[in-house]
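The data block below is data_16.txt; it holds compact mmCIF, C-alpha atoms.
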# COMPACT_ATOMS: atom_id res chain seq x y z
CA MET A 1 21.71 -43.72 4.45
CA GLN A 2 18.88 -41.25 4.89
CA SER A 3 17.92 -39.02 2.00
CA GLY A 4 18.42 -35.24 2.16
CA ASN A 5 14.67 -34.68 2.30
CA SER A 6 14.20 -36.94 5.33
CA LEU A 7 17.06 -35.20 7.12
CA LEU A 8 15.48 -31.82 6.46
CA GLU A 9 12.13 -33.04 7.73
CA ARG A 10 13.71 -34.08 11.04
CA LEU A 11 15.13 -30.61 11.66
CA PRO A 12 13.00 -28.34 13.88
CA ARG A 13 10.75 -25.98 11.95
CA ASP A 14 12.02 -23.02 14.00
CA SER A 15 15.64 -23.78 13.12
CA VAL A 16 17.61 -20.53 13.10
CA THR A 17 19.39 -21.63 9.93
CA LEU A 18 16.45 -22.82 7.84
CA LYS A 19 13.57 -20.65 9.04
CA PRO A 20 14.53 -17.47 7.14
CA ILE A 21 14.97 -19.30 3.82
CA GLU A 22 11.90 -21.53 4.14
CA PRO A 23 9.55 -18.97 2.52
CA LEU A 24 12.03 -18.53 -0.35
CA GLY A 25 12.10 -22.25 -1.03
CA ARG A 26 8.31 -22.46 -0.86
CA ALA A 27 7.92 -19.46 -3.20
CA ILE A 28 10.25 -21.02 -5.79
CA ARG A 29 8.40 -24.32 -5.61
CA LEU A 30 5.02 -22.62 -6.03
CA PHE A 31 6.34 -20.64 -9.00
CA LEU A 32 7.54 -23.81 -10.73
CA TYR A 33 4.26 -25.62 -10.04
CA MET A 34 2.42 -22.96 -12.06
CA PHE A 35 4.01 -24.16 -15.28
CA SER A 36 1.73 -27.11 -15.80
CA PRO A 37 -0.58 -27.90 -18.75
CA ALA A 38 -3.48 -28.09 -16.29
CA THR A 39 -2.96 -24.48 -15.18
CA LEU A 40 -4.80 -22.92 -18.11
CA LEU A 41 -7.55 -25.52 -18.02
CA GLU A 42 -8.29 -24.72 -14.36
CA PHE A 43 -8.15 -20.94 -14.78
CA ASP A 44 -10.84 -19.25 -12.64
CA TRP A 45 -12.13 -16.27 -14.62
CA ARG A 46 -14.42 -15.13 -11.80
CA ILE A 47 -11.50 -14.76 -9.40
CA PHE A 48 -9.43 -13.16 -12.16
CA PHE A 49 -11.93 -10.36 -12.84
CA GLN A 50 -12.55 -9.90 -9.12
CA LYS A 51 -8.85 -9.42 -8.42
CA CYS A 52 -8.40 -7.17 -11.44
CA LEU A 53 -10.95 -4.80 -9.90
CA TRP A 54 -9.30 -4.91 -6.47
CA LEU A 55 -5.70 -4.70 -7.72
CA GLY A 56 -6.47 -2.15 -10.40
CA TRP A 57 -9.22 0.42 -9.96
CA GLN A 58 -9.52 0.05 -6.18
CA SER A 59 -5.76 0.51 -5.84
CA PHE A 60 -5.71 3.69 -7.93
CA PRO A 61 -6.14 6.08 -4.94
CA LEU A 62 -3.07 4.53 -3.28
CA ILE A 63 -0.99 4.94 -6.46
CA ALA A 64 -2.20 8.50 -7.04
CA LEU A 65 -1.59 9.73 -3.50
CA SER A 66 1.77 7.95 -3.24
CA SER A 67 2.94 9.44 -6.55
CA ILE A 68 1.87 12.95 -5.56
CA PHE A 69 3.59 12.96 -2.18
CA VAL A 70 6.74 11.12 -3.26
CA ALA A 71 7.26 13.32 -6.33
CA GLY A 72 6.47 16.44 -4.31
CA ALA A 73 8.98 15.61 -1.59
CA LEU A 74 11.68 14.69 -4.13
CA THR A 75 11.08 17.92 -6.06
CA ILE A 76 11.30 20.10 -2.95
CA GLN A 77 14.55 18.49 -1.81
CA THR A 78 16.20 18.46 -5.23
CA VAL A 79 15.31 21.98 -6.33
CA ASN A 80 16.28 23.51 -2.97
CA GLU A 81 19.68 21.79 -3.00
CA MET A 82 20.41 22.63 -6.65
CA ARG A 83 19.36 26.24 -6.13
CA ALA A 84 22.40 26.62 -3.86
CA PHE A 85 24.55 25.91 -6.93
CA ARG A 86 22.32 28.02 -9.23
CA ALA A 87 21.52 24.90 -11.21
CA GLN A 88 17.83 24.59 -10.36
CA ASP A 89 16.85 24.62 -14.03
CA LEU A 90 18.63 21.25 -14.38
CA SER A 91 16.68 19.67 -11.52
CA GLY A 92 14.31 17.99 -13.99
CA ALA A 93 17.10 15.63 -15.01
CA VAL A 94 17.85 14.59 -11.44
CA ILE A 95 14.21 14.21 -10.44
CA SER A 96 13.21 12.24 -13.54
CA LEU A 97 16.10 9.80 -13.19
CA GLY A 98 15.38 9.34 -9.50
CA LEU A 99 11.71 8.62 -10.13
CA LEU A 100 12.39 6.19 -12.96
CA ARG A 101 15.36 4.25 -11.62
CA GLU A 102 14.78 3.87 -7.88
CA ILE A 103 12.47 6.27 -6.06
CA GLY A 104 9.34 5.27 -7.94
CA PRO A 105 9.94 1.50 -7.82
CA LEU A 106 10.97 1.54 -4.15
CA THR A 107 8.14 3.74 -2.88
CA VAL A 108 5.00 3.84 -5.02
CA SER A 109 5.45 0.34 -6.45
CA LEU A 110 6.32 -1.26 -3.12
CA ALA A 111 3.36 0.42 -1.43
CA TRP A 112 1.08 -1.35 -3.91
CA SER A 113 3.11 -4.56 -3.59
CA ALA A 114 2.67 -4.48 0.19
CA ARG A 115 -1.10 -4.29 -0.32
CA VAL A 116 -0.95 -7.28 -2.67
CA ALA A 117 1.30 -9.38 -0.42
CA ALA A 118 -0.85 -8.74 2.66
CA LEU A 119 -4.05 -9.75 0.87
CA LEU A 120 -2.62 -12.93 -0.65
CA ALA A 121 -1.01 -13.99 2.62
CA ASP A 122 -4.30 -13.59 4.46
CA GLU A 123 -6.17 -15.55 1.80
CA SER A 124 -3.48 -18.24 1.51
CA LYS A 125 -3.48 -19.18 5.18
CA TRP A 126 -6.99 -20.62 4.77
CA MET A 127 -5.96 -22.88 1.88
CA GLY A 128 -3.88 -25.36 3.84
CA HIS A 129 -6.02 -28.26 2.63
CA MET A 130 -4.75 -27.83 -0.95
CA PRO A 131 -1.58 -29.56 -2.17
CA ASP A 132 1.03 -27.09 -3.37
CA ALA A 133 0.64 -28.01 -7.04
CA GLN A 134 -3.12 -27.49 -6.98
CA PHE A 135 -2.71 -24.31 -4.91
CA ALA A 136 -0.30 -22.86 -7.49
CA ARG A 137 -2.60 -23.67 -10.40
CA GLN A 138 -5.98 -22.72 -8.98
CA PHE A 139 -5.19 -20.06 -6.37
CA ILE A 140 -1.99 -18.29 -7.41
CA PHE A 141 -2.18 -18.24 -11.20
CA PRO A 142 -5.36 -16.14 -11.70
CA ARG A 143 -4.23 -13.69 -9.01
CA TYR A 144 -0.72 -13.48 -10.45
CA VAL A 145 -2.00 -12.78 -13.97
CA ALA A 146 -4.38 -10.14 -12.59
CA GLY A 147 -1.49 -8.50 -10.71
CA LEU A 148 0.74 -8.39 -13.79
CA LEU A 149 -2.06 -7.04 -15.96
CA MET A 150 -3.15 -4.33 -13.52
CA SER A 151 0.41 -3.19 -12.86
CA VAL A 152 0.62 -1.93 -16.45
CA PRO A 153 -1.94 0.93 -16.20
CA LEU A 154 -1.02 1.63 -12.57
CA SER A 155 2.65 2.13 -13.43
CA GLY A 156 1.64 4.45 -16.27
CA TYR A 157 -0.68 6.43 -14.00
CA GLY A 158 2.01 6.68 -11.35
CA LEU A 159 4.58 7.98 -13.84
CA VAL A 160 2.25 10.61 -15.30
CA ILE A 161 1.00 11.79 -11.90
CA GLY A 162 4.54 11.94 -10.52
CA PHE A 163 5.86 14.04 -13.40
CA ALA A 164 2.80 16.30 -13.32
CA THR A 165 3.35 16.93 -9.62
CA ALA A 166 7.02 17.73 -10.18
CA CYS A 167 6.16 20.10 -13.05
CA ILE A 168 3.72 21.99 -10.85
CA TRP A 169 6.08 22.28 -7.87
CA ALA A 170 9.31 23.06 -9.73
CA PRO A 171 8.43 26.61 -10.94
CA ILE A 172 7.05 27.48 -7.50
CA LEU A 173 10.36 26.49 -5.92
CA GLY A 174 12.61 28.39 -8.29
CA VAL A 175 12.86 26.61 -11.64
CA SER A 176 12.38 29.10 -14.48
CA SER A 177 9.38 27.32 -15.96
CA SER A 178 7.69 23.96 -16.33
CA ASN A 179 9.00 23.86 -19.90
CA ASP A 180 12.61 24.17 -18.68
CA PHE A 181 11.95 21.41 -16.17
CA LEU A 182 10.56 19.09 -18.86
CA GLN A 183 13.36 19.93 -21.28
CA SER A 184 16.09 18.96 -18.80
CA ALA A 185 14.18 15.78 -17.97
CA ARG A 186 13.78 14.92 -21.66
CA VAL A 187 17.53 15.28 -22.25
CA ALA A 188 18.43 13.05 -19.28
CA ILE A 189 15.98 10.19 -19.87
CA ASP A 190 16.95 7.45 -22.29
CA ASP A 191 15.29 4.20 -23.32
CA LYS A 192 17.13 2.19 -20.68
CA ASP A 193 15.64 4.29 -17.86
CA LEU A 194 12.12 3.64 -19.13
CA VAL A 195 12.84 -0.08 -19.47
CA VAL A 196 14.15 -0.22 -15.89
CA TYR A 197 11.08 1.58 -14.57
CA PHE A 198 8.52 -0.57 -16.31
CA VAL A 199 10.30 -3.90 -15.75
CA LYS A 200 10.47 -3.20 -12.03
CA LEU A 201 6.86 -2.05 -11.76
CA ILE A 202 5.26 -4.49 -14.20
CA LEU A 203 7.28 -7.67 -13.67
CA LEU A 204 9.70 -7.76 -10.72
CA ASN A 205 7.73 -6.18 -7.88
CA PRO A 206 4.34 -7.80 -8.67
CA THR A 207 6.04 -11.21 -8.91
CA VAL A 208 7.83 -10.76 -5.60
CA ALA A 209 4.64 -9.53 -3.92
CA CYS A 210 2.53 -12.41 -5.21
CA PHE A 211 4.86 -15.24 -4.28
CA ALA A 212 6.07 -13.71 -1.01
CA GLY A 213 2.47 -13.31 0.12
CA CYS A 214 1.45 -16.81 -0.97
CA ALA A 215 4.53 -18.50 0.50
CA ILE A 216 4.15 -16.79 3.88
CA GLY A 217 0.45 -17.61 3.90
CA ARG A 218 1.11 -21.27 3.14
CA LEU A 219 3.58 -21.48 6.01
CA SER A 220 1.17 -19.87 8.51
CA ARG A 221 -1.72 -21.24 10.50
CA ALA A 222 -5.27 -20.05 9.94
CA ASN A 223 -5.31 -18.28 13.32
CA ASP A 224 -2.00 -16.47 12.73
CA LYS A 225 -2.80 -12.76 13.12
CA ALA A 226 0.69 -11.65 12.07
CA VAL A 227 0.61 -13.30 8.66
CA ALA A 228 0.01 -10.03 6.75
CA ALA A 229 2.81 -8.27 8.63
CA ASN A 230 5.18 -11.17 7.99
CA ALA A 231 4.28 -11.18 4.30
CA VAL A 232 4.89 -7.45 3.93
CA THR A 233 8.25 -7.78 5.71
CA ALA A 234 9.33 -10.66 3.48
CA MET A 235 8.14 -8.80 0.39
CA PHE A 236 10.09 -5.65 1.27
CA ILE A 237 13.32 -7.55 1.87
CA ALA A 238 12.99 -9.65 -1.29
CA ALA A 239 11.92 -6.68 -3.43
CA CYS A 240 14.78 -4.45 -2.26
CA ILE A 241 17.30 -7.19 -3.04
CA THR A 242 15.71 -7.93 -6.41
CA ASN A 243 15.61 -4.24 -7.37
CA LEU A 244 19.23 -3.78 -6.36
CA ILE A 245 20.38 -6.76 -8.43
CA TYR A 246 18.44 -5.58 -11.47
CA THR A 247 19.80 -2.04 -11.12
CA PHE A 248 23.36 -3.40 -10.92
CA ILE A 249 22.77 -5.50 -14.05
CA MET A 250 21.37 -2.53 -15.99
CA TYR A 251 23.86 0.06 -14.69
CA PRO A 252 27.09 -1.87 -14.02
CA HIS A 253 29.34 1.19 -14.35
Go ahead and render the structure in this file as structure tokens.
Amino acid sequence: MQSGNSLLERLPRDSVTLKPIEPLGRAIRLFLYMFSPATLLEFDWRIFFQKCLWLGWQSFPLIALSSIFVAGALTIQTVNEMRAFRAQDLSGAVISLGLLREIGPLTVSLAWSARVAALLADESKWMGHMPDAQFARQFIFPRYVAGLLMSVPLSGYGLVIGFATACIWAPILGVSSSNDFLQSARVAIDDKDLVVYFVKLILLNPTVACFAGCAIGRLSRANDKAVAANAVTAMFIAACITNLIYTFIMYPH
């Protein structure tokens, strides 16, 4: 009797059934390979600091511009709709919850995650000579740690810039004052909303971006020009599903 692995190896690589889940299986395997005693011993500090610069400071313009335009658009839509019910002074609650729970994670955070996934996929496709275990330890781990570390200040910057933008726009659109806007937001936000925001931006989305990019890159050839596009597509699908599941867990009712 043939083993399950040998049967899978005989199936065509473009199988309609297996092809969509192949990157998921590879991503899980790469993630598990990272947890090895040799991982810390082989840590490449040069790559780590290099990626911290690229993922952090050089990504700040993307985070800033995304936060400004997303918060501005959300503020315009929310205040205009609530003004019809003469409840525009309560728009801070709606806008703040939207930014923290879903709008921020699914726009600003995923824009940065797309940048990460595209880069790692393009770099990964040239590392086909490495076994998966070595690839996870030497290639993925320093980049993954850099991504997690840099997501902390970026998520804070994004939150501050988004709220500042909303505070500026709200009085122009009809809210009594920036103070009223902030007061309604302060009443609506609780600790759970902040936890959801930072878990999504600091842990979930960077993890999905890193392993989606690396898995797609590993499954691509060096001359594959669509690898970045495929990585971004896979990242968006996986991140939307992951964010939805986490939101359901945190807000079941």
I'd like the box whose edges run along x, y and z of the file and which contains every listed atom of region 237-249 of chain A, padded by 3 Å per side; could you state its centre and edge lengths in Å, one decimal, as lines of an AutoDock Vina configuration file?
center_x = 17.6
center_y = -5.8
center_z = -6.1
size_x = 17.4
size_y = 13.6
size_z = 21.9
Two-atom distance - CA of Pro61 (chain A), CA of Leu194 (chain A) (Å): 23.3 Å
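Between Val175 (chain A) and the candidates A:Ala87, A:Ala212, A:Ala27, A:Ile202, the tightest atom-to-atom separation, counting only C-alpha atoms, involves A:Ala87.
Computed from the coordinates, the CA of Gly128 (chain A) to CA of Leu30 (chain A) distance equals 13.6 Å.
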Among the residues A:Leu90, A:Ala231, A:Ala114, A:Leu201, the one that comes closest to Gly156 (chain A) [using all atoms listed in the file]: A:Leu201
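Distances from A:Met150, A:Ala170, A:Val187, A:Ala164 to Gln77 (chain A) were compared using all atoms listed in the file, and the smallest one belongs to A:Ala170.
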At a cut-off of 12 Å, using all atoms listed in the file, what residues contact Leu148 (chain A)? Leave out same-chain residues fewer than 2 positions from it and give the result as number ranges by chain. A: 48, 51-52, 55-56, 113, 116, 141-146, 150-155, 198-210
Measuring between only C-alpha atoms, which one of A:Ala118, A:Ala215, A:Val79, A:Leu149 shows the shortest distance to Leu53 (chain A)? A:Leu149
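Straight-line separation from CA of Asn80 (chain A) to CA of Asp191 (chain A): 28.1 Å.
Between Gly158 (chain A) and the candidates A:Ile68, A:Ala38, A:Gln134, A:Arg86, the tightest atom-to-atom separation, counting only C-alpha atoms, involves A:Ile68.
Closest to Arg221 (chain A) among A:His129, A:Leu65, A:Ser36, A:Phe31 is A:His129, based on only C-alpha atoms.
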Which residues, written as a PyMOL selection string, have at least one atom at most 9 Å from region 242-252 of chain A, with all atoms listed in the file counted and residues fewer than 2 positions away on the same chain left out? chain A and resi 101-102+105-106+192+196+200+204-205+208+237-240
With C-alpha atoms retained, export the selected residues as a CSV table (one decimal), keeping the file's coordinate frame.
chain,number,residue,atom,x,y,z
A,101,ARG,CA,15.4,4.2,-11.6
A,102,GLU,CA,14.8,3.9,-7.9
A,105,PRO,CA,9.9,1.5,-7.8
A,106,LEU,CA,11.0,1.5,-4.2
A,192,LYS,CA,17.1,2.2,-20.7
A,196,VAL,CA,14.2,-0.2,-15.9
A,200,LYS,CA,10.5,-3.2,-12.0
A,204,LEU,CA,9.7,-7.8,-10.7
A,205,ASN,CA,7.7,-6.2,-7.9
A,208,VAL,CA,7.8,-10.8,-5.6
A,237,ILE,CA,13.3,-7.6,1.9
A,238,ALA,CA,13.0,-9.6,-1.3
A,239,ALA,CA,11.9,-6.7,-3.4
A,240,CYS,CA,14.8,-4.4,-2.3
Residues within 7 Å of Val232 (chain A), only C-alpha atoms, excluding chain neighbours under 3 positions, as number ranges by chain: A: 114, 117-118, 228-229, 235-236
